[in-house]
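Shown next, in structure tokens, is the structure this report addresses.
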Amino acid sequence: MDDFTNTVRPQKIYLDGLDKMISVANIAFYYWYENKERRPWNAFMPAATLEQAFYKTLCEFPLFAGTLTTDSNSMVYVQVNKDNINMPVYTDSACDVDFGTIRDDGFNTKLLGRDLDHARDVPVPAGIVGNEKIKLAEIHVMRLQVDIEAQTKPIPTIMRHIFGKKTEEQRKALVSVAASLRPRVAHPDVLDYTGNMIIARHIPVPLDLVVADPVPSALAKVSGYIRSAVNDTDAEYICQLGHLANRKPEDYVQILLGLLGYKYNLMVSNQALFNHYDVDFGMDIPVLVRPALLSFPNSILIMPCHPDAGKGYEIAMTLTTEVAAKVIQDEHWMSLVDRCDYDV
């Protein structure tokens with residue numbers, strides 16, 4: 001820890017208006033690593049190595065050890081203070097569950113027999129007595145037992161359905177797609193910026209295309225709406241949106257509130273753009289990377305497959321019961337899936 005704390009310098013990092021509006025949700029991920037060589041307990045992913053990697057990362061991103069603060073003008077910023085470090089949560093624990101058992105059940109975290117702590121969907125204080133600060137990062141390393149006779153299996157393309165509660169019906173159809181800003185704004189201030197660097201493109205879709213059977217023509221039209229909107233997310237659009245969020249936040253909030261008037265609402269985030277399977281601590285890449293269960297209804301995360309699985313994607317869905325039933329009953333959609341796991 002000293003290697004990190006000795007590098008901390010006092011600084012204020014003010015949040016952009018887009019940060020304040022969009023950074024209201026966390027997406028936690030599970031990285032599953034397999035002890036393929038059956039190394040001794042203390043030789044596979046050594047605790048000291050992982051913790052050292054954690055602090056080395058903090059040296060590059062000290063804002064994760066800062067505190068969310070509001071000034072007299074209601075501007076939100078991250079205060080990094082060497083004498084009052086808001087250290088991210090780092091936990092290393094053991095579990096009695098066998099790795100082979102949980103792997104054969106599709107890496108079902110319910111088998112752990114307890115809640116696996118992770119960053120909440122919505123940022124909240126850590127709940128530590130005497131410390132009501134919101135933690136800006138959380139890491140939990142959990143060590144499972146090793147089944148000596150377990151054999152490594154290739155990870156197939158998986159589509160995961162997570163059934164949530166039915167939400168109140170709304171009036172129209174809306175698809176929200178997370179779009180990255182970095183490739184769209186080639187400006188030094190943006191390239192050096194540390195934050196989500198995404199905006200959500202909210203795309204109205206004709207209701208008849210949403211409720212109709214997913215024939216190729218309907219799918220093509222919906223894809224066209226989405227592609228057109230994402231392509232139009234250029235530097236001018238981003239600047240106008242940033243101006244609105246920073247200079248007229250009340251107007252921007254009114255726009256967001258207007259999104260609540262849609263009967264059908266779907267959020268999509270393409271996580272396949274990130275190299276999740278490049279996270280190697282010297283003992284091979286993860287056997288699986290999967291997002292934690294989301295509490296937001298009708299949300300879709302597109303994840304990359306394990307390199308050994310070949311081409312394809314893993315789709316993580318949080319769906320209302322009504323929508324989930326229709327997905328499972330759709331023969332064309334299900335024909336595209338190699339494997340389907342779902343929790344109710």
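Just remember, in the structure tokens the first chain shown is A, the second B, etc., residues are 1-based per chain, and ligands are 1-based in the order shown.
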
- Message: Which residues are close to region 77-89 of chain A, i.e. within 9 Å by only C-alpha atoms, leaving aside same-chain residues fewer than 3 positions away? Reply as a ChimeraX atom specification.
- Response: /A:5-16,62-71,126,133-140

Output file for the selection above: N, CA, C and O atoms, as a tab-separated table (two decimals), in the first residue's frame:
```tsv
chain	number	residue	atom	x	y	z
A	5	THR	N	0.33	5.03	-1.62
A	5	THR	CA	0.09	6.23	-0.82
A	5	THR	C	1.22	7.25	-0.98
A	5	THR	O	0.98	8.47	-0.89
A	6	ASN	N	2.43	6.78	-1.23
A	6	ASN	CA	3.56	7.70	-1.40
A	6	ASN	C	3.49	8.48	-2.71
A	6	ASN	O	4.19	9.48	-2.88
A	7	THR	N	2.66	8.01	-3.64
A	7	THR	CA	2.54	8.69	-4.94
A	7	THR	C	1.36	9.66	-4.98
A	7	THR	O	1.23	10.43	-5.93
A	8	VAL	N	0.52	9.61	-3.95
A	8	VAL	CA	-0.69	10.44	-3.96
A	8	VAL	C	-0.34	11.91	-3.78
A	8	VAL	O	0.46	12.27	-2.91
A	9	ARG	N	-0.92	12.74	-4.61
A	9	ARG	CA	-0.76	14.19	-4.46
A	9	ARG	C	-2.15	14.82	-4.40
A	9	ARG	O	-3.09	14.35	-5.05
A	10	PRO	N	-2.32	15.87	-3.62
A	10	PRO	CA	-3.64	16.51	-3.50
A	10	PRO	C	-4.12	17.03	-4.85
A	10	PRO	O	-3.36	17.66	-5.59
A	11	GLN	N	-5.36	16.77	-5.16
A	11	GLN	CA	-5.93	17.27	-6.41
A	11	GLN	C	-7.45	17.22	-6.36
A	11	GLN	O	-8.04	16.43	-5.63
A	12	LYS	N	-8.06	18.10	-7.15
A	12	LYS	CA	-9.50	18.12	-7.32
A	12	LYS	C	-9.79	17.77	-8.78
A	12	LYS	O	-9.21	18.36	-9.69
A	13	ILE	N	-10.68	16.82	-8.98
A	13	ILE	CA	-11.06	16.41	-10.33
A	13	ILE	C	-12.55	16.67	-10.48
A	13	ILE	O	-13.38	15.92	-9.97
A	14	TYR	N	-12.89	17.77	-11.14
A	14	TYR	CA	-14.30	18.13	-11.29
A	14	TYR	C	-14.96	17.24	-12.33
A	14	TYR	O	-14.37	16.90	-13.37
A	15	LEU	N	-16.19	16.84	-12.04
A	15	LEU	CA	-16.94	15.99	-12.95
A	15	LEU	C	-17.64	16.84	-13.99
A	15	LEU	O	-18.21	17.88	-13.69
A	16	ASP	N	-17.57	16.37	-15.21
A	16	ASP	CA	-18.29	17.01	-16.29
A	16	ASP	C	-19.79	16.78	-16.11
A	16	ASP	O	-20.21	15.85	-15.42
A	62	PRO	N	-5.35	7.50	-9.46
A	62	PRO	CA	-5.53	7.87	-8.05
A	62	PRO	C	-6.92	8.38	-7.72
A	62	PRO	O	-7.31	8.40	-6.56
A	63	LEU	N	-7.70	8.79	-8.75
A	63	LEU	CA	-9.04	9.30	-8.45
A	63	LEU	C	-9.91	8.24	-7.81
A	63	LEU	O	-10.88	8.56	-7.11
A	64	PHE	N	-9.59	6.94	-8.00
A	64	PHE	CA	-10.37	5.88	-7.38
A	64	PHE	C	-10.21	5.88	-5.86
A	64	PHE	O	-10.97	5.21	-5.16
A	65	ALA	N	-9.22	6.59	-5.36
A	65	ALA	CA	-9.02	6.70	-3.91
A	65	ALA	C	-9.47	8.07	-3.42
A	65	ALA	O	-9.10	8.50	-2.32
A	66	GLY	N	-10.26	8.76	-4.22
A	66	GLY	CA	-10.77	10.07	-3.84
A	66	GLY	C	-12.16	10.00	-3.25
A	66	GLY	O	-12.76	8.93	-3.11
A	67	THR	N	-12.66	11.17	-2.89
A	67	THR	CA	-13.97	11.28	-2.25
A	67	THR	C	-14.86	12.19	-3.08
A	67	THR	O	-14.45	13.29	-3.47
A	68	LEU	N	-16.08	11.73	-3.38
A	68	LEU	CA	-17.04	12.57	-4.09
A	68	LEU	C	-17.46	13.72	-3.17
A	68	LEU	O	-17.88	13.50	-2.03
A	69	THR	N	-17.33	14.93	-3.66
A	69	THR	CA	-17.58	16.12	-2.85
A	69	THR	C	-18.35	17.15	-3.68
A	69	THR	O	-18.24	17.17	-4.91
A	70	THR	N	-19.12	18.00	-3.02
A	70	THR	CA	-19.86	19.06	-3.69
A	70	THR	C	-19.41	20.40	-3.13
A	70	THR	O	-19.34	20.58	-1.91
A	71	ASP	N	-19.10	21.36	-4.01
A	71	ASP	CA	-18.66	22.67	-3.53
A	71	ASP	C	-19.85	23.59	-3.31
A	71	ASP	O	-21.01	23.20	-3.45
A	126	ALA	N	-20.49	2.99	1.38
A	126	ALA	CA	-20.00	1.63	1.58
A	126	ALA	C	-20.65	0.93	2.75
A	126	ALA	O	-20.57	-0.29	2.87
A	133	LYS	N	-18.74	7.29	3.14
A	133	LYS	CA	-18.29	7.69	1.82
A	133	LYS	C	-18.69	6.65	0.76
A	133	LYS	O	-18.76	5.46	1.04
A	134	ILE	N	-18.90	7.15	-0.45
A	134	ILE	CA	-19.13	6.26	-1.59
A	134	ILE	C	-17.77	5.79	-2.10
A	134	ILE	O	-16.91	6.59	-2.43
A	135	LYS	N	-17.57	4.48	-2.13
A	135	LYS	CA	-16.33	3.94	-2.66
A	135	LYS	C	-16.36	3.98	-4.19
A	135	LYS	O	-17.36	3.61	-4.82
A	136	LEU	N	-15.27	4.41	-4.78
A	136	LEU	CA	-15.22	4.56	-6.23
A	136	LEU	C	-14.72	3.30	-6.94
A	136	LEU	O	-14.69	3.26	-8.17
A	137	ALA	N	-14.33	2.30	-6.18
A	137	ALA	CA	-13.94	1.01	-6.78
A	137	ALA	C	-14.03	-0.07	-5.71
A	137	ALA	O	-13.79	0.19	-4.53
A	138	GLU	N	-14.41	-1.29	-6.14
A	138	GLU	CA	-14.48	-2.43	-5.22
A	138	GLU	C	-13.92	-3.67	-5.92
A	138	GLU	O	-14.28	-3.96	-7.06
A	139	ILE	N	-13.04	-4.37	-5.24
A	139	ILE	CA	-12.45	-5.61	-5.76
A	139	ILE	C	-12.65	-6.71	-4.71
A	139	ILE	O	-12.33	-6.51	-3.54
A	140	HIS	N	-13.17	-7.85	-5.13
A	140	HIS	CA	-13.32	-8.98	-4.23
A	140	HIS	C	-12.72	-10.22	-4.88
A	140	HIS	O	-13.20	-10.68	-5.91
```

- Message: as a list in words, please: the residues near Asn246 (chain A) (cut-off 8 Å, only C-alpha atoms, same-chain neighbours under 2 positions excluded).
- Response: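 Close residues of Asn246 (chain A): Asp16, Gly17, Leu18, Gly242, His243, Leu244, Lys248 and Pro249 of chain A.
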
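Among A:Val76, A:Ala53, A:Cys59, A:Val230, the residue with the shortest atom-to-atom distance to Tyr90 (chain A), counting only C-alpha atoms, is A:Ala53.
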
- Message: To test your reading of the structure, identify every residue in region 164-290 of chain A that backbone DSSP assigns to alpha helix (DSSP H), and report it as a ChimeraX atom specification.
- Response: /A:188-191,207-211,216-231,235-247,249-258

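Within region 8-82 of chain A, DSSP run on the backbone puts these residues in strand (DSSP E): Gln11, Lys12, Ile13, Tyr14, Phe29, Tyr30, Tyr31, Trp32, Thr67, Leu68, Thr69, Thr70, Val76, Tyr77, Val78, Gln79 and Val80 of chain A.
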
File of the preceding selection, all heavy atoms, as a short mmCIF file (atom, residue, chain, number, x, y, z; two decimals), in the first residue's frame:
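So the final result, stored in again-v6.cif, reads:
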```cif
data_model
loop_
_atom_site.label_atom_id
_atom_site.label_comp_id
_atom_site.auth_asym_id
_atom_site.auth_seq_id
_atom_site.Cartn_x
_atom_site.Cartn_y
_atom_site.Cartn_z
N GLN A 11 -5.36 16.77 -5.16
CA GLN A 11 -5.93 17.27 -6.41
C GLN A 11 -7.45 17.22 -6.36
O GLN A 11 -8.04 16.43 -5.63
CB GLN A 11 -5.42 16.47 -7.61
CG GLN A 11 -5.67 14.98 -7.53
CD GLN A 11 -5.09 14.25 -8.73
OE1 GLN A 11 -5.35 14.59 -9.88
NE2 GLN A 11 -4.29 13.23 -8.46
N LYS A 12 -8.06 18.10 -7.15
CA LYS A 12 -9.50 18.12 -7.32
C LYS A 12 -9.79 17.77 -8.78
O LYS A 12 -9.21 18.36 -9.69
CB LYS A 12 -10.09 19.49 -7.01
CG LYS A 12 -10.16 19.85 -5.54
CD LYS A 12 -10.86 21.19 -5.36
CE LYS A 12 -10.98 21.56 -3.89
NZ LYS A 12 -11.68 22.87 -3.72
N ILE A 13 -10.68 16.82 -8.98
CA ILE A 13 -11.06 16.41 -10.33
C ILE A 13 -12.55 16.67 -10.48
O ILE A 13 -13.38 15.92 -9.97
CB ILE A 13 -10.74 14.92 -10.56
CG1 ILE A 13 -9.26 14.64 -10.26
CG2 ILE A 13 -11.08 14.51 -11.99
CD1 ILE A 13 -8.90 13.18 -10.25
N TYR A 14 -12.89 17.77 -11.14
CA TYR A 14 -14.30 18.13 -11.29
C TYR A 14 -14.96 17.24 -12.33
O TYR A 14 -14.37 16.90 -13.37
CB TYR A 14 -14.43 19.60 -11.71
CG TYR A 14 -14.38 20.54 -10.54
CD1 TYR A 14 -13.16 21.05 -10.08
CD2 TYR A 14 -15.55 20.91 -9.88
CE1 TYR A 14 -13.11 21.91 -8.99
CE2 TYR A 14 -15.50 21.77 -8.79
CZ TYR A 14 -14.29 22.27 -8.35
OH TYR A 14 -14.25 23.11 -7.26
N PHE A 29 -18.26 -7.00 -12.82
CA PHE A 29 -17.93 -8.18 -13.60
C PHE A 29 -17.31 -9.25 -12.72
O PHE A 29 -16.60 -8.95 -11.76
CB PHE A 29 -16.95 -7.84 -14.73
CG PHE A 29 -17.54 -6.99 -15.81
CD1 PHE A 29 -17.39 -5.62 -15.79
CD2 PHE A 29 -18.25 -7.56 -16.85
CE1 PHE A 29 -17.94 -4.82 -16.78
CE2 PHE A 29 -18.81 -6.78 -17.84
CZ PHE A 29 -18.65 -5.41 -17.82
N TYR A 30 -17.59 -10.51 -13.05
CA TYR A 30 -16.92 -11.65 -12.43
C TYR A 30 -15.87 -12.16 -13.41
O TYR A 30 -16.16 -12.46 -14.57
CB TYR A 30 -17.91 -12.79 -12.16
CG TYR A 30 -18.97 -12.48 -11.15
CD1 TYR A 30 -20.33 -12.52 -11.48
CD2 TYR A 30 -18.64 -12.16 -9.84
CE1 TYR A 30 -21.31 -12.24 -10.56
CE2 TYR A 30 -19.62 -11.87 -8.90
CZ TYR A 30 -20.96 -11.92 -9.27
OH TYR A 30 -21.92 -11.64 -8.35
N TYR A 31 -14.63 -12.27 -12.95
CA TYR A 31 -13.55 -12.86 -13.74
C TYR A 31 -13.22 -14.21 -13.11
O TYR A 31 -12.72 -14.27 -11.98
CB TYR A 31 -12.32 -11.96 -13.74
CG TYR A 31 -12.45 -10.73 -14.62
CD1 TYR A 31 -13.24 -9.65 -14.22
CD2 TYR A 31 -11.80 -10.65 -15.85
CE1 TYR A 31 -13.37 -8.52 -15.03
CE2 TYR A 31 -11.92 -9.53 -16.66
CZ TYR A 31 -12.71 -8.47 -16.24
OH TYR A 31 -12.84 -7.36 -17.04
N TRP A 32 -13.50 -15.30 -13.83
CA TRP A 32 -13.27 -16.65 -13.30
C TRP A 32 -11.95 -17.19 -13.84
O TRP A 32 -11.76 -17.32 -15.06
CB TRP A 32 -14.40 -17.58 -13.73
CG TRP A 32 -15.76 -17.17 -13.23
CD1 TRP A 32 -16.66 -16.38 -13.88
CD2 TRP A 32 -16.36 -17.52 -11.98
NE1 TRP A 32 -17.79 -16.21 -13.12
CE2 TRP A 32 -17.63 -16.91 -11.95
CE3 TRP A 32 -15.94 -18.30 -10.90
CZ2 TRP A 32 -18.50 -17.05 -10.87
CZ3 TRP A 32 -16.81 -18.44 -9.82
CH2 TRP A 32 -18.07 -17.82 -9.82
N THR A 67 -12.66 11.17 -2.89
CA THR A 67 -13.97 11.28 -2.25
C THR A 67 -14.86 12.19 -3.08
O THR A 67 -14.45 13.29 -3.47
CB THR A 67 -13.85 11.86 -0.83
OG1 THR A 67 -12.97 11.03 -0.06
CG2 THR A 67 -15.21 11.93 -0.15
N LEU A 68 -16.08 11.73 -3.38
CA LEU A 68 -17.04 12.57 -4.09
C LEU A 68 -17.46 13.72 -3.17
O LEU A 68 -17.88 13.50 -2.03
CB LEU A 68 -18.26 11.76 -4.50
CG LEU A 68 -18.09 10.85 -5.72
CD1 LEU A 68 -19.34 9.99 -5.93
CD2 LEU A 68 -17.81 11.67 -6.97
N THR A 69 -17.33 14.93 -3.66
CA THR A 69 -17.58 16.12 -2.85
C THR A 69 -18.35 17.15 -3.68
O THR A 69 -18.24 17.17 -4.91
CB THR A 69 -16.25 16.74 -2.38
OG1 THR A 69 -15.44 15.73 -1.78
CG2 THR A 69 -16.49 17.84 -1.37
N THR A 70 -19.12 18.00 -3.02
CA THR A 70 -19.86 19.06 -3.69
C THR A 70 -19.41 20.40 -3.13
O THR A 70 -19.34 20.58 -1.91
CB THR A 70 -21.37 18.90 -3.47
OG1 THR A 70 -21.78 17.61 -3.92
CG2 THR A 70 -22.15 19.97 -4.23
N VAL A 76 -19.89 19.04 -8.54
CA VAL A 76 -19.41 17.78 -7.97
C VAL A 76 -17.98 17.52 -8.44
O VAL A 76 -17.67 17.68 -9.62
CB VAL A 76 -20.32 16.62 -8.38
CG1 VAL A 76 -19.81 15.29 -7.77
CG2 VAL A 76 -21.76 16.87 -7.93
N TYR A 77 -17.12 17.13 -7.51
CA TYR A 77 -15.75 16.82 -7.86
C TYR A 77 -15.23 15.68 -7.00
O TYR A 77 -15.81 15.34 -5.96
CB TYR A 77 -14.85 18.05 -7.72
CG TYR A 77 -14.73 18.59 -6.32
CD1 TYR A 77 -13.69 18.19 -5.46
CD2 TYR A 77 -15.64 19.53 -5.84
CE1 TYR A 77 -13.58 18.70 -4.18
CE2 TYR A 77 -15.53 20.05 -4.55
CZ TYR A 77 -14.50 19.63 -3.73
OH TYR A 77 -14.39 20.12 -2.45
N VAL A 78 -14.13 15.07 -7.43
CA VAL A 78 -13.46 14.03 -6.66
C VAL A 78 -12.27 14.68 -5.97
O VAL A 78 -11.38 15.23 -6.63
CB VAL A 78 -12.99 12.87 -7.55
CG1 VAL A 78 -12.21 11.85 -6.72
CG2 VAL A 78 -14.17 12.20 -8.24
N GLN A 79 -12.27 14.64 -4.65
CA GLN A 79 -11.17 15.21 -3.87
C GLN A 79 -10.20 14.11 -3.49
O GLN A 79 -10.56 13.16 -2.80
CB GLN A 79 -11.71 15.87 -2.60
CG GLN A 79 -10.63 16.40 -1.67
CD GLN A 79 -9.90 17.60 -2.25
OE1 GLN A 79 -10.49 18.65 -2.49
NE2 GLN A 79 -8.59 17.44 -2.49
N VAL A 80 -8.96 14.21 -3.98
CA VAL A 80 -7.92 13.26 -3.63
C VAL A 80 -7.03 13.92 -2.59
O VAL A 80 -6.44 14.98 -2.85
CB VAL A 80 -7.10 12.85 -4.86
CG1 VAL A 80 -6.02 11.85 -4.47
CG2 VAL A 80 -8.01 12.25 -5.94
#
```

- Query: Out of A:Leu174, A:Val287, A:Ala235, A:Ala94, which residue has the shortest atom-to-atom distance to Leu259 (chain A) when counting only C-alpha atoms?
  - Reply: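 That would be A:Leu174, the residue with the smallest distance to Leu259 (chain A).
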
- Message: For Ser269 (chain A), find every residue with an atom within 12 Å (counting only C-alpha atoms), except residues of its own chain fewer than 4 positions away, and show them as number ranges by chain.
- Response: A: 27, 175-180, 198-201, 273-274, 291, 298-303, 315-317

- Nearby residues (only C-alpha atoms) at most 10 Å from Phe54 (chain A), same-chain spacing under 2 positions excluded, as a list in words: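 The contact residues come out as Met1, Phe4, Ala48, Thr49, Leu50, Glu51, Gln52, Lys56, Thr57, Leu58, Cys59, Pro88, Tyr90 and Ile139 of chain A.
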
Export, as an mmCIF file, in the first residue's frame, the selected residues with all heavy atoms.
```
data_model
loop_
_atom_site.group_PDB
_atom_site.id
_atom_site.type_symbol
_atom_site.label_atom_id
_atom_site.label_comp_id
_atom_site.auth_asym_id
_atom_site.auth_seq_id
_atom_site.Cartn_x
_atom_site.Cartn_y
_atom_site.Cartn_z
ATOM 1 N N MET A 1 0.821 -1.204 0.000
ATOM 2 C CA MET A 1 0.000 0.000 0.000
ATOM 3 C C MET A 1 0.861 1.263 0.000
ATOM 4 O O MET A 1 0.482 2.271 -0.606
ATOM 5 C CB MET A 1 -0.941 -0.002 1.213
ATOM 6 C CG MET A 1 -1.875 1.205 1.259
ATOM 7 S SD MET A 1 -2.865 1.304 2.767
ATOM 8 C CE MET A 1 -3.771 -0.224 2.686
ATOM 9 N N PHE A 4 1.624 2.955 -3.170
ATOM 10 C CA PHE A 4 0.568 3.804 -3.712
ATOM 11 C C PHE A 4 0.447 5.110 -2.945
ATOM 12 O O PHE A 4 0.465 6.194 -3.529
ATOM 13 C CB PHE A 4 -0.763 3.062 -3.699
ATOM 14 C CG PHE A 4 -1.948 3.971 -3.866
ATOM 15 C CD1 PHE A 4 -2.127 4.704 -5.029
ATOM 16 C CD2 PHE A 4 -2.869 4.134 -2.841
ATOM 17 C CE1 PHE A 4 -3.209 5.562 -5.182
ATOM 18 C CE2 PHE A 4 -3.940 4.984 -2.979
ATOM 19 C CZ PHE A 4 -4.113 5.698 -4.154
ATOM 20 N N ALA A 48 -0.416 -11.847 -2.575
ATOM 21 C CA ALA A 48 0.488 -10.695 -2.594
ATOM 22 C C ALA A 48 0.611 -10.117 -4.002
ATOM 23 O O ALA A 48 0.670 -8.903 -4.192
ATOM 24 C CB ALA A 48 1.861 -11.113 -2.065
ATOM 25 N N THR A 49 0.645 -11.002 -5.011
ATOM 26 C CA THR A 49 0.766 -10.542 -6.398
ATOM 27 C C THR A 49 -0.462 -9.760 -6.832
ATOM 28 O O THR A 49 -0.355 -8.691 -7.453
ATOM 29 C CB THR A 49 0.978 -11.745 -7.338
ATOM 30 O OG1 THR A 49 2.165 -12.435 -6.966
ATOM 31 C CG2 THR A 49 1.081 -11.289 -8.788
ATOM 32 N N LEU A 50 -1.630 -10.290 -6.499
ATOM 33 C CA LEU A 50 -2.874 -9.608 -6.878
ATOM 34 C C LEU A 50 -3.006 -8.265 -6.175
ATOM 35 O O LEU A 50 -3.403 -7.269 -6.783
ATOM 36 C CB LEU A 50 -4.071 -10.496 -6.542
ATOM 37 C CG LEU A 50 -4.178 -11.820 -7.298
ATOM 38 C CD1 LEU A 50 -5.442 -12.562 -6.892
ATOM 39 C CD2 LEU A 50 -4.164 -11.598 -8.803
ATOM 40 N N GLU A 51 -2.694 -8.241 -4.895
ATOM 41 C CA GLU A 51 -2.820 -6.986 -4.152
ATOM 42 C C GLU A 51 -1.823 -5.949 -4.660
ATOM 43 O O GLU A 51 -2.144 -4.762 -4.764
ATOM 44 C CB GLU A 51 -2.618 -7.237 -2.662
ATOM 45 C CG GLU A 51 -2.977 -6.042 -1.798
ATOM 46 C CD GLU A 51 -3.026 -6.378 -0.325
ATOM 47 O OE1 GLU A 51 -2.688 -7.518 0.043
ATOM 48 O OE2 GLU A 51 -3.417 -5.495 0.470
ATOM 49 N N GLN A 52 -0.621 -6.411 -5.017
ATOM 50 C CA GLN A 52 0.369 -5.491 -5.560
ATOM 51 C C GLN A 52 -0.106 -4.920 -6.894
ATOM 52 O O GLN A 52 0.064 -3.723 -7.171
ATOM 53 C CB GLN A 52 1.707 -6.206 -5.742
ATOM 54 C CG GLN A 52 2.819 -5.287 -6.256
ATOM 55 C CD GLN A 52 4.125 -6.029 -6.468
ATOM 56 O OE1 GLN A 52 4.149 -7.251 -6.565
ATOM 57 N NE2 GLN A 52 5.220 -5.286 -6.548
ATOM 58 N N LYS A 56 -0.689 -0.975 -7.852
ATOM 59 C CA LYS A 56 -0.021 -0.411 -9.020
ATOM 60 C C LYS A 56 -1.040 0.247 -9.949
ATOM 61 O O LYS A 56 -0.771 1.282 -10.557
ATOM 62 C CB LYS A 56 0.754 -1.498 -9.765
ATOM 63 C CG LYS A 56 2.000 -1.985 -9.031
ATOM 64 C CD LYS A 56 2.728 -3.077 -9.802
ATOM 65 C CE LYS A 56 3.324 -2.536 -11.094
ATOM 66 N NZ LYS A 56 4.134 -3.580 -11.783
ATOM 67 N N THR A 57 -2.221 -0.361 -10.043
ATOM 68 C CA THR A 57 -3.282 0.237 -10.851
ATOM 69 C C THR A 57 -3.746 1.550 -10.244
ATOM 70 O O THR A 57 -3.989 2.543 -10.958
ATOM 71 C CB THR A 57 -4.465 -0.734 -10.971
ATOM 72 O OG1 THR A 57 -4.021 -1.963 -11.553
ATOM 73 C CG2 THR A 57 -5.575 -0.141 -11.837
ATOM 74 N N LEU A 58 -3.872 1.584 -8.912
ATOM 75 C CA LEU A 58 -4.279 2.822 -8.242
ATOM 76 C C LEU A 58 -3.270 3.944 -8.487
ATOM 77 O O LEU A 58 -3.651 5.123 -8.545
ATOM 78 C CB LEU A 58 -4.434 2.595 -6.743
ATOM 79 C CG LEU A 58 -5.678 1.840 -6.279
ATOM 80 C CD1 LEU A 58 -5.706 1.757 -4.760
ATOM 81 C CD2 LEU A 58 -6.946 2.520 -6.788
ATOM 82 N N CYS A 59 -1.986 3.602 -8.627
ATOM 83 C CA CYS A 59 -0.980 4.627 -8.917
ATOM 84 C C CYS A 59 -1.288 5.333 -10.233
ATOM 85 O O CYS A 59 -1.011 6.519 -10.398
ATOM 86 C CB CYS A 59 0.420 3.999 -8.962
ATOM 87 S SG CYS A 59 1.041 3.437 -7.353
ATOM 88 N N PRO A 88 -10.283 2.295 -1.950
ATOM 89 C CA PRO A 88 -11.253 1.351 -2.511
ATOM 90 C C PRO A 88 -11.300 0.059 -1.708
ATOM 91 O O PRO A 88 -10.336 -0.302 -1.022
ATOM 92 C CB PRO A 88 -10.720 1.105 -3.927
ATOM 93 C CG PRO A 88 -9.909 2.311 -4.240
ATOM 94 C CD PRO A 88 -9.285 2.723 -2.946
ATOM 95 N N TYR A 90 -10.950 -3.652 -1.055
ATOM 96 C CA TYR A 90 -10.220 -4.808 -1.597
ATOM 97 C C TYR A 90 -10.346 -5.950 -0.600
ATOM 98 O O TYR A 90 -9.928 -5.835 0.554
ATOM 99 C CB TYR A 90 -8.746 -4.480 -1.835
ATOM 100 C CG TYR A 90 -7.977 -5.615 -2.490
ATOM 101 C CD1 TYR A 90 -7.922 -5.715 -3.871
ATOM 102 C CD2 TYR A 90 -7.342 -6.593 -1.717
ATOM 103 C CE1 TYR A 90 -7.233 -6.760 -4.485
ATOM 104 C CE2 TYR A 90 -6.658 -7.635 -2.315
ATOM 105 C CZ TYR A 90 -6.611 -7.719 -3.702
ATOM 106 O OH TYR A 90 -5.942 -8.755 -4.300
ATOM 107 N N ILE A 139 -13.042 -4.373 -5.241
ATOM 108 C CA ILE A 139 -12.450 -5.614 -5.755
ATOM 109 C C ILE A 139 -12.645 -6.705 -4.711
ATOM 110 O O ILE A 139 -12.329 -6.510 -3.542
ATOM 111 C CB ILE A 139 -10.941 -5.453 -6.040
ATOM 112 C CG1 ILE A 139 -10.675 -4.289 -6.993
ATOM 113 C CG2 ILE A 139 -10.370 -6.761 -6.594
ATOM 114 C CD1 ILE A 139 -11.207 -4.498 -8.383
#
```

- Quick one: of A:Asp213, A:Asp284, A:Asp208, A:Asp96, who's nearest to Met45 (chain A), counting only C-alpha atoms?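 Smallest distance to Met45 (chain A) is found for A:Asp284.
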
- Message: Give me, as a list in words, all polymer residues having an atom no more than 9 Å from Phe107 (chain A), counting only C-alpha atoms and skipping those fewer than 6 positions away in the same chain.
- Response: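 Neighbouring residues, sequence-local ones excluded: Trp32, Phe99, Thr101, Leu288 and Arg290 of chain A.
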
- Length of the CA of Arg39 (chain A) to CA of Ser93 (chain A) vector [Å]: 17.9 Å

- Quote the spacing between CA of Val222 (chain A) and CA of Leu209 (chain A) in Å to one decimal place.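 Going from CA of Val222 (chain A) over to CA of Leu209 (chain A) covers 7.2 Å.
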
- Enter the distance from CA of Thr233 (chain A) to CA of Ser74 (chain A), in Å, rounded to one decimal.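 Atom-to-atom, CA of Thr233 (chain A) and CA of Ser74 (chain A) are spaced 29.0 Å apart.
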
- Item | Who sits within 12 Å of Leu336 (chain A), only C-alpha atoms, same chain under 2 positions skipped, as a PyMOL selection string | chain A and resi 157-159+312-315+327-328+330-334+338-340
